[in-house]
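One file, coords-v1.csv, carrying CSV, C-alpha atoms:
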```
chain,number,residue,atom,x,y,z
A,25,MET,CA,8.9,-17.9,32.2
A,26,SER,CA,10.4,-14.4,32.4
A,27,ALA,CA,9.8,-11.8,29.7
A,28,ALA,CA,13.4,-11.9,28.7
A,29,ALA,CA,13.3,-15.6,28.0
A,30,ALA,CA,10.0,-15.5,26.1
A,31,PRO,CA,10.3,-16.1,22.3
A,32,MET,CA,10.4,-13.0,20.2
A,33,ARG,CA,7.9,-12.7,17.4
A,34,LEU,CA,8.1,-10.4,14.4
A,35,LEU,CA,4.6,-9.0,13.7
A,36,ARG,CA,3.1,-6.1,11.8
A,37,LEU,CA,1.1,-3.6,13.7
A,38,ASN,CA,-0.8,-1.1,11.5
A,39,GLY,CA,1.6,-2.0,8.7
A,40,GLU,CA,4.8,-1.4,10.7
A,41,PRO,CA,7.1,-4.2,11.8
A,42,VAL,CA,7.2,-4.9,15.6
A,43,GLN,CA,9.5,-7.3,17.4
A,44,THR,CA,7.7,-8.5,20.5
A,45,ALA,CA,7.7,-11.2,23.2
A,46,CYS,CA,4.0,-10.6,23.9
A,47,ALA,CA,2.0,-13.8,23.7
A,48,THR,CA,-1.5,-12.3,23.3
A,49,LEU,CA,-3.1,-9.4,21.6
A,50,ALA,CA,-4.1,-7.8,24.9
A,51,GLU,CA,-0.4,-8.0,26.1
A,52,LEU,CA,0.8,-6.4,22.9
A,53,LEU,CA,-1.7,-3.5,23.1
A,54,ARG,CA,-0.6,-2.8,26.6
A,55,ALA,CA,3.1,-3.1,25.8
A,56,GLN,CA,2.8,-0.8,22.8
A,57,GLY,CA,1.2,1.9,25.1
A,58,TYR,CA,-2.4,1.8,23.9
A,59,ASP,CA,-5.0,3.2,26.3
A,60,VAL,CA,-7.4,0.3,25.8
A,61,SER,CA,-10.2,2.1,27.6
A,62,ARG,CA,-10.7,4.3,24.5
A,63,ALA,CA,-12.9,3.5,21.5
A,64,MET,CA,-10.9,1.1,19.4
A,65,ALA,CA,-11.2,-2.2,17.6
A,66,CYS,CA,-8.8,-4.8,16.4
A,67,ALA,CA,-8.3,-7.3,13.6
A,68,VAL,CA,-5.6,-10.0,13.2
A,69,ASN,CA,-4.8,-11.2,9.7
A,70,ARG,CA,-7.8,-9.3,8.5
A,71,GLN,CA,-10.2,-11.1,10.8
A,72,PHE,CA,-12.1,-9.1,13.4
A,73,VAL,CA,-11.1,-9.9,17.0
A,74,PRO,CA,-13.9,-8.8,19.4
A,75,ARG,CA,-12.6,-6.9,22.4
A,76,ALA,CA,-13.7,-9.8,24.7
A,77,ASP,CA,-11.2,-12.0,22.9
A,78,TRP,CA,-8.2,-9.8,23.1
A,79,ALA,CA,-6.8,-11.5,26.2
A,80,GLN,CA,-7.1,-15.0,24.6
A,81,ARG,CA,-6.0,-14.2,21.1
A,82,ALA,CA,-2.5,-15.8,20.8
A,83,LEU,CA,0.0,-14.0,18.5
A,84,HIS,CA,2.2,-15.8,16.0
A,85,PRO,CA,5.1,-14.7,13.9
A,86,GLY,CA,4.0,-12.9,10.9
A,87,ASP,CA,0.6,-11.9,12.3
A,88,GLU,CA,-0.7,-8.6,10.9
A,89,ILE,CA,-2.6,-6.6,13.5
A,90,GLU,CA,-4.8,-3.6,12.7
A,91,VAL,CA,-6.0,-1.2,15.4
A,92,VAL,CA,-8.6,1.4,14.5
A,93,SER,CA,-10.5,4.1,16.2
A,94,PRO,CA,-13.4,6.5,15.2
A,95,VAL,CA,-12.7,9.3,12.8
A,96,VAL,CA,-14.8,11.7,10.8
A,97,GLY,CA,-16.2,10.3,7.6
A,98,GLY,CA,-18.4,10.9,4.6
B,19,MET,CA,-62.5,21.9,-1.5
B,20,GLN,CA,-63.8,25.0,0.1
B,21,LEU,CA,-61.0,27.2,1.5
B,22,ASP,CA,-63.2,28.1,4.5
B,23,ASP,CA,-63.8,24.4,5.3
B,24,PRO,CA,-62.0,24.1,8.7
B,25,THR,CA,-61.7,20.3,8.4
B,26,ALA,CA,-59.8,20.6,5.1
B,27,LEU,CA,-57.1,23.0,6.2
B,28,PRO,CA,-55.1,20.6,8.5
B,29,GLN,CA,-55.1,18.1,5.7
B,30,ALA,CA,-53.7,20.6,3.3
B,31,ALA,CA,-51.1,21.6,5.8
B,32,ASP,CA,-50.0,17.9,6.3
B,33,ALA,CA,-49.6,17.5,2.6
B,34,ALA,CA,-47.2,20.4,2.6
B,35,GLN,CA,-44.9,18.8,5.2
B,36,PRO,CA,-42.2,16.3,4.4
B,37,ASP,CA,-43.1,12.8,5.5
B,38,ALA,CA,-41.0,10.5,7.7
B,39,LEU,CA,-38.5,8.0,6.2
B,40,HIS,CA,-38.6,4.5,7.5
B,41,VAL,CA,-35.3,2.7,7.1
B,42,ALA,CA,-33.4,0.0,8.9
B,43,GLY,CA,-35.9,-0.1,11.7
B,44,ALA,CA,-35.7,3.7,12.3
B,45,ARG,CA,-38.2,6.5,11.7
B,46,LEU,CA,-36.4,9.5,10.5
B,47,GLY,CA,-37.9,13.0,10.4
B,48,SER,CA,-35.0,14.3,8.3
B,49,ARG,CA,-34.2,13.1,4.8
B,50,LEU,CA,-30.8,14.8,4.9
B,51,PHE,CA,-27.9,12.5,6.0
B,52,LEU,CA,-24.8,14.5,6.8
B,53,GLY,CA,-21.1,13.4,6.6
B,54,THR,CA,-18.8,14.6,9.4
B,55,ALA,CA,-15.5,15.1,7.5
B,56,ARG,CA,-13.7,18.2,6.3
B,57,TYR,CA,-15.3,20.8,8.6
B,58,PRO,CA,-13.2,23.7,9.7
B,59,ALA,CA,-13.8,22.9,13.4
B,60,PRO,CA,-15.7,20.3,15.5
B,61,SER,CA,-18.0,23.1,16.8
B,62,ILE,CA,-18.9,24.1,13.2
B,63,LEU,CA,-19.8,20.4,12.5
B,64,ALA,CA,-22.0,20.4,15.6
B,65,ASP,CA,-23.7,23.6,14.5
B,66,ALA,CA,-24.2,22.3,11.0
B,67,VAL,CA,-25.8,19.1,12.3
B,68,GLN,CA,-28.2,21.3,14.3
B,69,ALA,CA,-28.9,23.6,11.3
B,70,ALA,CA,-29.5,20.6,9.0
B,71,GLN,CA,-31.6,18.8,11.7
B,72,ALA,CA,-29.8,15.8,10.4
B,73,GLU,CA,-30.6,12.5,12.2
B,74,VAL,CA,-28.0,10.3,10.5
B,75,LEU,CA,-24.3,11.1,10.6
B,76,THR,CA,-21.6,9.2,8.7
B,77,VAL,CA,-18.4,8.3,10.5
B,78,SER,CA,-15.4,6.1,9.8
B,79,LEU,CA,-12.5,4.2,11.2
B,80,ARG,CA,-8.8,4.7,10.7
B,81,ARG,CA,-5.6,3.3,12.1
B,82,LEU,CA,-4.8,4.3,15.7
B,83,ALA,CA,-1.2,4.9,16.8
B,84,PRO,CA,-0.5,4.2,20.5
B,85,GLU,CA,0.7,7.8,21.1
B,86,THR,CA,-2.4,9.3,19.7
B,87,GLN,CA,-4.3,11.1,22.4
B,88,SER,CA,-6.5,13.2,20.1
B,89,GLY,CA,-9.8,12.3,18.6
B,90,GLN,CA,-11.5,11.4,21.9
B,91,ALA,CA,-13.0,14.9,22.2
B,92,TRP,CA,-14.4,14.8,18.7
B,93,TRP,CA,-15.8,11.3,19.3
B,94,GLN,CA,-17.5,12.4,22.6
B,95,ARG,CA,-18.9,15.4,20.8
B,96,ILE,CA,-20.4,13.2,18.0
B,97,GLN,CA,-21.9,10.9,20.6
B,98,SER,CA,-23.4,13.8,22.6
B,99,LEU,CA,-25.4,14.9,19.5
B,100,GLY,CA,-27.5,11.7,19.9
B,101,ARG,CA,-28.0,11.0,16.2
B,102,HIS,CA,-27.9,7.7,14.3
B,103,LEU,CA,-24.4,6.9,13.4
B,104,LEU,CA,-23.7,5.4,10.0
B,105,PRO,CA,-20.1,4.1,9.9
B,106,ASN,CA,-18.6,3.7,6.5
B,107,THR,CA,-16.1,1.3,5.0
B,108,ALA,CA,-14.3,4.0,3.0
B,109,GLY,CA,-11.0,3.0,1.7
B,110,CYS,CA,-11.8,-0.7,1.4
B,111,HIS,CA,-10.9,-2.4,-1.9
B,112,SER,CA,-12.3,-5.9,-1.4
B,113,ALA,CA,-15.4,-7.5,0.0
B,114,SER,CA,-13.3,-9.2,2.8
B,115,GLU,CA,-11.8,-5.9,3.9
B,116,ALA,CA,-15.2,-4.2,4.0
B,117,VAL,CA,-16.7,-7.1,6.0
B,118,THR,CA,-14.0,-7.0,8.6
B,119,LEU,CA,-14.1,-3.2,8.9
B,120,ALA,CA,-17.9,-3.4,9.3
B,121,GLN,CA,-17.5,-5.9,12.1
B,122,MET,CA,-15.0,-3.5,13.8
B,123,ALA,CA,-17.4,-0.6,13.3
B,124,ARG,CA,-20.3,-2.5,14.8
B,125,GLU,CA,-18.3,-3.1,18.0
B,126,ILE,CA,-17.0,0.5,18.3
B,127,PHE,CA,-20.0,2.4,17.3
B,128,GLY,CA,-22.6,0.0,18.8
B,129,THR,CA,-24.7,0.0,15.7
B,130,HIS,CA,-25.5,-2.6,13.1
B,131,TRP,CA,-25.9,0.1,10.4
B,132,ILE,CA,-23.0,0.1,7.9
B,133,LYS,CA,-22.4,2.3,4.9
B,134,LEU,CA,-20.8,-0.2,2.6
B,135,GLU,CA,-18.1,1.3,0.3
B,136,VAL,CA,-15.9,-1.0,-1.8
B,137,ILE,CA,-13.8,1.1,-4.2
B,138,GLY,CA,-12.9,-0.3,-7.5
B,139,ASP,CA,-10.9,2.6,-8.9
B,140,ASP,CA,-8.8,5.0,-6.8
B,141,TYR,CA,-8.9,7.8,-9.4
B,142,THR,CA,-12.7,8.1,-9.8
B,143,LEU,CA,-13.5,6.4,-6.4
B,144,GLN,CA,-16.0,4.4,-8.4
B,145,PRO,CA,-17.4,1.5,-6.4
B,146,ASP,CA,-16.6,-2.1,-7.3
B,147,PRO,CA,-20.1,-3.6,-8.1
B,148,TRP,CA,-19.0,-7.2,-7.7
B,149,ASP,CA,-17.3,-6.9,-4.3
B,150,THR,CA,-20.0,-4.5,-3.1
B,151,VAL,CA,-22.7,-7.1,-3.8
B,152,ALA,CA,-20.6,-9.9,-2.3
B,153,ALA,CA,-19.9,-7.9,0.8
B,154,ALA,CA,-23.6,-6.9,1.1
B,155,GLN,CA,-24.7,-10.5,1.0
B,156,THR,CA,-22.3,-11.5,3.7
B,157,LEU,CA,-23.1,-8.5,5.9
B,158,VAL,CA,-26.9,-9.0,5.6
B,159,ARG,CA,-26.5,-12.6,6.6
B,160,ASP,CA,-24.4,-11.4,9.6
B,161,GLY,CA,-27.3,-9.1,10.8
B,162,PHE,CA,-26.1,-5.8,9.4
B,163,ALA,CA,-28.4,-3.1,8.0
B,164,VAL,CA,-26.5,-2.3,4.8
B,165,PHE,CA,-26.5,1.1,3.2
B,166,ALA,CA,-24.8,0.2,-0.1
B,167,TYR,CA,-22.8,2.9,-2.0
B,168,THR,CA,-23.0,2.1,-5.7
B,169,THR,CA,-23.1,3.7,-9.1
B,170,ASP,CA,-26.4,4.4,-11.0
B,171,ASP,CA,-26.2,1.0,-12.7
B,172,LEU,CA,-29.6,-0.6,-12.6
B,173,VAL,CA,-28.6,-4.2,-12.5
B,174,THR,CA,-26.2,-3.7,-9.7
B,175,ALA,CA,-29.0,-2.0,-7.8
B,176,PHE,CA,-31.2,-5.1,-8.5
B,177,LYS,CA,-28.5,-7.4,-7.0
B,178,LEU,CA,-28.2,-5.2,-3.9
B,179,ARG,CA,-32.0,-5.2,-3.5
B,180,ASP,CA,-32.0,-9.0,-3.8
B,181,ALA,CA,-29.2,-9.2,-1.2
B,182,GLY,CA,-31.6,-7.5,1.2
B,183,VAL,CA,-29.8,-4.2,1.8
B,184,ALA,CA,-31.6,-1.6,3.9
B,185,ALA,CA,-30.8,1.2,1.3
B,186,ILE,CA,-29.3,1.5,-2.1
B,187,MET,CA,-27.1,4.6,-2.4
B,188,PRO,CA,-26.3,5.5,-6.0
B,189,TRP,CA,-23.8,8.3,-6.7
B,190,ALA,CA,-24.9,11.5,-8.5
B,191,ALA,CA,-21.3,12.1,-9.5
B,192,PRO,CA,-17.9,11.0,-8.2
B,193,ILE,CA,-17.2,11.6,-4.5
B,194,GLY,CA,-16.2,15.2,-3.6
B,195,THR,CA,-16.8,16.6,-7.1
B,196,GLY,CA,-19.9,18.6,-6.3
B,197,ALA,CA,-20.8,18.1,-10.0
B,198,GLY,CA,-24.5,17.3,-9.3
B,199,PRO,CA,-26.4,14.6,-11.1
B,200,ARG,CA,-24.5,13.6,-14.2
B,201,ASN,CA,-27.1,11.1,-15.4
B,202,LEU,CA,-30.6,12.1,-14.4
B,203,PRO,CA,-32.2,9.6,-16.7
B,204,ALA,CA,-30.3,6.7,-15.0
B,205,LEU,CA,-31.4,8.0,-11.6
B,206,ARG,CA,-35.0,8.3,-12.8
B,207,THR,CA,-34.8,4.7,-14.1
B,208,LEU,CA,-33.5,3.5,-10.7
B,209,ARG,CA,-36.5,5.1,-9.0
B,210,GLU,CA,-39.0,3.7,-11.5
B,211,ARG,CA,-37.6,0.2,-11.5
B,212,LEU,CA,-37.0,0.0,-7.7
B,213,PRO,CA,-40.2,1.5,-6.4
B,214,ASP,CA,-40.1,-0.3,-3.1
B,215,SER,CA,-36.4,0.1,-2.2
B,216,VAL,CA,-35.0,2.9,-0.1
B,217,LEU,CA,-32.9,4.9,-2.5
B,218,VAL,CA,-30.5,7.6,-1.1
B,219,VAL,CA,-28.4,9.7,-3.4
B,220,ASP,CA,-24.8,9.6,-2.1
B,221,ALA,CA,-21.8,11.5,-3.4
B,222,GLY,CA,-21.4,14.3,-6.0
B,223,LEU,CA,-24.1,16.7,-4.8
B,224,GLY,CA,-22.6,20.2,-4.8
B,225,ALA,CA,-25.4,22.6,-4.2
B,226,PRO,CA,-28.9,22.5,-2.7
B,227,HIS,CA,-30.7,22.6,-6.1
B,228,HIS,CA,-28.9,19.2,-6.9
B,229,ALA,CA,-30.5,17.8,-3.7
B,230,ALA,CA,-33.9,19.2,-4.6
B,231,GLN,CA,-33.6,17.8,-8.1
B,232,VAL,CA,-33.1,14.2,-7.0
B,233,MET,CA,-35.7,14.5,-4.2
B,234,GLU,CA,-38.2,15.6,-6.8
B,235,LEU,CA,-37.4,12.4,-8.7
B,236,GLY,CA,-38.6,10.5,-5.7
B,237,PHE,CA,-35.3,9.6,-4.0
B,238,ASP,CA,-35.9,8.9,-0.3
B,239,ALA,CA,-33.0,10.9,1.1
B,240,VAL,CA,-29.6,12.4,0.2
B,241,LEU,CA,-26.2,12.2,1.9
B,242,VAL,CA,-24.1,15.3,1.7
B,243,ASN,CA,-20.6,16.0,3.2
B,244,THR,CA,-18.2,18.1,1.2
B,245,ALA,CA,-20.8,20.5,-0.2
B,246,VAL,CA,-21.6,21.5,3.3
B,247,ALA,CA,-18.2,21.2,5.0
B,248,GLU,CA,-16.4,23.2,2.4
B,249,ALA,CA,-18.9,25.9,2.0
B,250,GLY,CA,-17.9,29.4,3.1
B,251,ASP,CA,-20.5,29.1,5.8
B,252,PRO,CA,-21.1,25.4,6.5
B,253,VAL,CA,-23.8,26.1,9.0
B,254,ALA,CA,-25.9,28.2,6.6
B,255,MET,CA,-25.3,25.7,3.8
B,256,ALA,CA,-26.5,22.9,6.0
B,257,ARG,CA,-29.7,24.7,6.5
B,258,ALA,CA,-30.0,25.5,2.8
B,259,PHE,CA,-29.6,21.8,2.0
B,260,ALA,CA,-32.2,20.9,4.6
B,261,LEU,CA,-34.7,23.3,3.0
B,262,ALA,CA,-33.9,22.0,-0.5
B,263,VAL,CA,-34.4,18.4,0.6
B,264,ASP,CA,-37.8,19.3,2.2
B,265,ALA,CA,-38.8,21.3,-0.9
B,266,GLY,CA,-37.9,18.4,-3.2
B,267,ARG,CA,-39.7,15.9,-1.1
B,268,ILE,CA,-42.8,17.9,-0.9
B,269,ALA,CA,-42.7,18.6,-4.6
B,270,HIS,CA,-42.4,14.9,-5.3
B,271,ARG,CA,-45.5,14.2,-3.3
B,272,ALA,CA,-47.3,17.0,-5.0
B,273,LEU,CA,-46.8,15.3,-8.4
B,274,PRO,CA,-44.8,17.7,-10.6
B,275,MET,CA,-46.4,18.5,-14.0
B,276,ARG,CA,-45.3,16.7,-17.1
B,277,GLN,CA,-42.8,18.6,-19.3
B,278,ARG,CA,-43.9,19.6,-22.8
B,279,GLU,CA,-41.9,20.3,-25.9
B,280,VAL,CA,-43.9,23.3,-27.0
B,281,ALA,CA,-45.5,26.3,-25.4
B,282,GLN,CA,-48.9,26.2,-23.8
B,283,ALA,CA,-50.4,29.4,-22.5
B,284,SER,CA,-51.1,29.4,-18.9
B,285,THR,CA,-53.5,32.3,-19.0
B,286,PRO,CA,-56.9,31.3,-20.4
B,287,MET,CA,-57.3,31.9,-24.1
B,288,VAL,CA,-61.1,32.4,-23.9
B,289,GLY,CA,-62.0,36.0,-24.1
B,290,VAL,CA,-58.6,37.3,-25.0
B,291,PRO,CA,-58.9,41.1,-25.7
B,292,PHE,CA,-58.4,42.3,-29.2
B,293,TRP,CA,-58.9,38.8,-30.6
B,294,HIS,CA,-59.2,38.9,-34.4
B,295,GLN,CA,-58.5,42.6,-34.5
B,296,THR,CA,-56.3,43.7,-37.4
B,297,ALA,CA,-53.2,45.3,-36.3
B,298,THR,CA,-53.3,49.0,-37.4
B,299,ALA,CA,-49.8,50.1,-36.4
```

Output the file's structure in the form of structure tokens.
Amino acid sequence: MSAAAAPMRLLRLNGEPVQTACATLAELLRAQGYDVSRAMACAVNRQFVPRADWAQRALHPGDEIEVVSPVVGG
Amino acid sequence: MQLDDPTALPQAADAAQPDALHVAGARLGSRLFLGTARYPAPSILADAVQAAQAEVLTVSLRRLAPETQSGQAWWQRIQSLGRHLLPNTAGCHSASEAVTLAQMAREIFGTHWIKLEVIGDDYTLQPDPWDTVAAAQTLVRDGFAVFAYTTDDLVTAFKLRDAGVAAIMPWAAPIGTGAGPRNLPALRTLRERLPDSVLVVDAGLGAPHHAAQVMELGFDAVLVNTAVAEAGDPVAMARAFALAVDAGRIAHRALPMRQREVAQASTPMVGVPFWHQTATA
């Protein structure tokens, strides 16, 4: 199946709406331009998704994805 | 004890040194935990960590935008310091949010330590005791060492102890106020009623004497961020807090005197000159 023919899904990525044909979390991160080699972690629908599962985690319309990285904190 | 007894002197010297803190499987030489936020520059943070000799640094997680390239240098610098990292769940408003963020933190930071914060009121940043306890129970079952931020409420502290947390972290005052201990009797009660728990005062300390005060009460450690980071000279203030924490700890072990309501002369009364003489002036 070509990318153009893939079904589009409306998701939320860090609170912002994203229209995508990506089928998995790993595809979405790449398509959005993330450097996945950096320190970052993901959750889908408020459930933690380990890095090892990014390639297998299927995306569905309405999914809410959170991507976080280290910051200073108290 | 004879002062010229050579065997007694090392013992006396040991008693005047702060002792190590054992928490969450670690042995810590420093009882000052340091937050990493709000410093004027990363280099000043690094120097403050050195000056404080802090062994535990708090960090956090925030949303990452794809185009963001910054943050990596800071993160590498923190890692290069080689200290224990204590990620927090700051900003979470429910147990489920805090549990998920803790799991994300465990993967990123490579530690099972988590500073659990579940906020119940955005104005005072007062923790939500119910969701804090619920999250603590889940996280302990999931293998986390939980450092639970809480108020000075005794029964909440009991519930956190019963949940099996590594440390209970009562506030001295609301986060970032620098007000110092607002309820010393409540903090004293926590120490008395939880003699076997690791108690770390977190939040609201504004000056080194606040830290010394709670350490004298027998708290095991303090966590400071804003009071150091927003000082005119954060590095010097970090050192001042370290000295105060050590002073308070040593004083606690030295058993402070009991307070009295009335005066009691410290100079001996026997043989006071002019005793029973009539004033002639």

Identify all chain B residues at most 10 Å from chain A by counting only C-alpha atoms; ligands do not count. Present them as a PyMOL selection string.
chain B and resi 51-57+60+75-87+89-90+92-93+96+104-108+114-115+117-127+133+193-194+220-221+241-244

Atom-to-atom span, atom CA of B:Gly196 and atom CA of B:Phe237, Å:
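Separation of atom CA of B:Gly196 and atom CA of B:Phe237: 18.0 Å.
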
Which residue of B:Pro213, B:Pro291, B:Pro252, B:Gly236 approaches B:Ala269 most closely, using only C-alpha atoms
B:Gly236

Atom-to-atom span, atom CA of B:Phe292 and atom CA of B:Glu279, Å
27.7 Å

Extract, using all atoms listed in the file, all DNA, RNA and protein residues at most 12 Å from B:Ser112, discarding same-chain residues fewer than 2 positions from it, and format them as a list in words.
Arg70 of chain A; Thr107, Ala108, Gly109, Cys110, Ser114, Glu115, Ala116, Val117, Thr118, Leu119, Leu134, Glu135, Val136, Ile137, Gly138, Asp139, Pro145, Asp146, Pro147, Trp148, Asp149, Thr150, Val151, Ala152, Ala153 and Ala154 of chain B

So how many Å separate atom CA of A:Thr48 and atom CA of B:Thr156, to one decimal?
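According to the coordinates, atom CA of A:Thr48 and atom CA of B:Thr156 are separated by 28.6 Å.
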
Pull chain A out of the block and emit C-alpha atoms, as an mmCIF file, in the first residue's frame.
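Done, and the output landed in part_18.cif:
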```cif
data_model
loop_
_atom_site.group_PDB
_atom_site.id
_atom_site.type_symbol
_atom_site.label_atom_id
_atom_site.label_comp_id
_atom_site.auth_asym_id
_atom_site.auth_seq_id
_atom_site.Cartn_x
_atom_site.Cartn_y
_atom_site.Cartn_z
ATOM 1 C CA MET A 25 0.000 0.000 0.000
ATOM 2 C CA SER A 26 1.448 3.371 -0.916
ATOM 3 C CA ALA A 27 1.578 6.161 1.619
ATOM 4 C CA ALA A 28 -0.921 8.194 -0.400
ATOM 5 C CA ALA A 29 -3.490 5.427 -0.203
ATOM 6 C CA ALA A 30 -3.040 4.809 3.501
ATOM 7 C CA PRO A 31 -5.986 5.871 5.662
ATOM 8 C CA MET A 32 -5.547 9.224 7.354
ATOM 9 C CA ARG A 33 -5.941 9.383 11.115
ATOM 10 C CA LEU A 34 -6.591 12.454 13.224
ATOM 11 C CA LEU A 35 -4.495 12.212 16.398
ATOM 12 C CA ARG A 36 -3.274 14.515 19.077
ATOM 13 C CA LEU A 37 0.464 14.907 19.556
ATOM 14 C CA ASN A 38 1.411 16.776 22.729
ATOM 15 C CA GLY A 39 -2.042 18.305 22.717
ATOM 16 C CA GLU A 40 -1.969 19.491 19.084
ATOM 17 C CA PRO A 41 -4.106 17.907 16.339
ATOM 18 C CA VAL A 42 -2.113 15.937 13.756
ATOM 19 C CA GLN A 43 -3.456 14.373 10.546
ATOM 20 C CA THR A 44 -1.323 11.404 9.628
ATOM 21 C CA ALA A 45 -1.182 8.229 7.567
ATOM 22 C CA CYS A 46 1.415 6.699 9.888
ATOM 23 C CA ALA A 47 0.337 3.316 11.188
ATOM 24 C CA THR A 48 2.672 3.041 14.163
ATOM 25 C CA LEU A 49 4.128 5.261 16.856
ATOM 26 C CA ALA A 50 7.653 4.829 15.480
ATOM 27 C CA GLU A 51 6.520 5.933 12.007
ATOM 28 C CA LEU A 52 4.766 8.973 13.431
ATOM 29 C CA LEU A 53 7.819 10.071 15.427
ATOM 30 C CA ARG A 54 10.006 9.826 12.325
ATOM 31 C CA ALA A 55 7.443 11.584 10.130
ATOM 32 C CA GLN A 56 7.129 14.413 12.637
ATOM 33 C CA GLY A 57 10.884 14.915 12.535
ATOM 34 C CA TYR A 58 11.880 13.641 15.947
ATOM 35 C CA ASP A 59 15.489 12.618 16.493
ATOM 36 C CA VAL A 60 14.598 9.386 18.262
ATOM 37 C CA SER A 61 18.188 8.836 19.354
ATOM 38 C CA ARG A 62 17.810 11.561 21.987
ATOM 39 C CA ALA A 63 16.505 11.028 25.511
ATOM 40 C CA MET A 64 12.732 10.881 25.147
ATOM 41 C CA ALA A 65 9.785 8.781 26.280
ATOM 42 C CA CYS A 66 6.266 8.238 24.974
ATOM 43 C CA ALA A 67 2.762 7.579 26.197
ATOM 44 C CA VAL A 68 -0.374 6.852 24.191
ATOM 45 C CA ASN A 69 -3.738 7.610 25.764
ATOM 46 C CA ARG A 70 -1.944 8.185 29.067
ATOM 47 C CA GLN A 71 -0.403 4.727 29.023
ATOM 48 C CA PHE A 72 3.378 4.460 28.954
ATOM 49 C CA VAL A 73 4.738 2.863 25.780
ATOM 50 C CA PRO A 74 8.292 1.554 26.266
ATOM 51 C CA ARG A 75 10.783 2.504 23.564
ATOM 52 C CA ALA A 76 11.077 -1.155 22.550
ATOM 53 C CA ASP A 77 7.380 -1.151 21.645
ATOM 54 C CA TRP A 78 7.300 2.016 19.504
ATOM 55 C CA ALA A 79 7.590 0.093 16.238
ATOM 56 C CA GLN A 80 4.720 -2.240 17.151
ATOM 57 C CA ARG A 81 2.375 0.281 18.753
ATOM 58 C CA ALA A 82 -0.455 0.754 16.248
ATOM 59 C CA LEU A 83 -2.111 4.153 16.057
ATOM 60 C CA HIS A 84 -5.846 4.689 15.928
ATOM 61 C CA PRO A 85 -7.995 7.758 15.238
ATOM 62 C CA GLY A 86 -8.278 9.901 18.352
ATOM 63 C CA ASP A 87 -5.128 8.583 19.999
ATOM 64 C CA GLU A 88 -3.457 11.077 22.287
ATOM 65 C CA ILE A 89 0.320 10.856 22.150
ATOM 66 C CA GLU A 90 2.681 12.442 24.625
ATOM 67 C CA VAL A 91 6.397 12.796 23.928
ATOM 68 C CA VAL A 92 8.593 14.065 26.767
ATOM 69 C CA SER A 93 12.267 14.697 27.402
ATOM 70 C CA PRO A 94 14.405 15.648 30.428
ATOM 71 C CA VAL A 95 14.222 19.168 31.808
ATOM 72 C CA VAL A 96 15.401 20.859 34.973
ATOM 73 C CA GLY A 97 13.163 20.308 37.971
ATOM 74 C CA GLY A 98 12.751 20.896 41.656
#
```
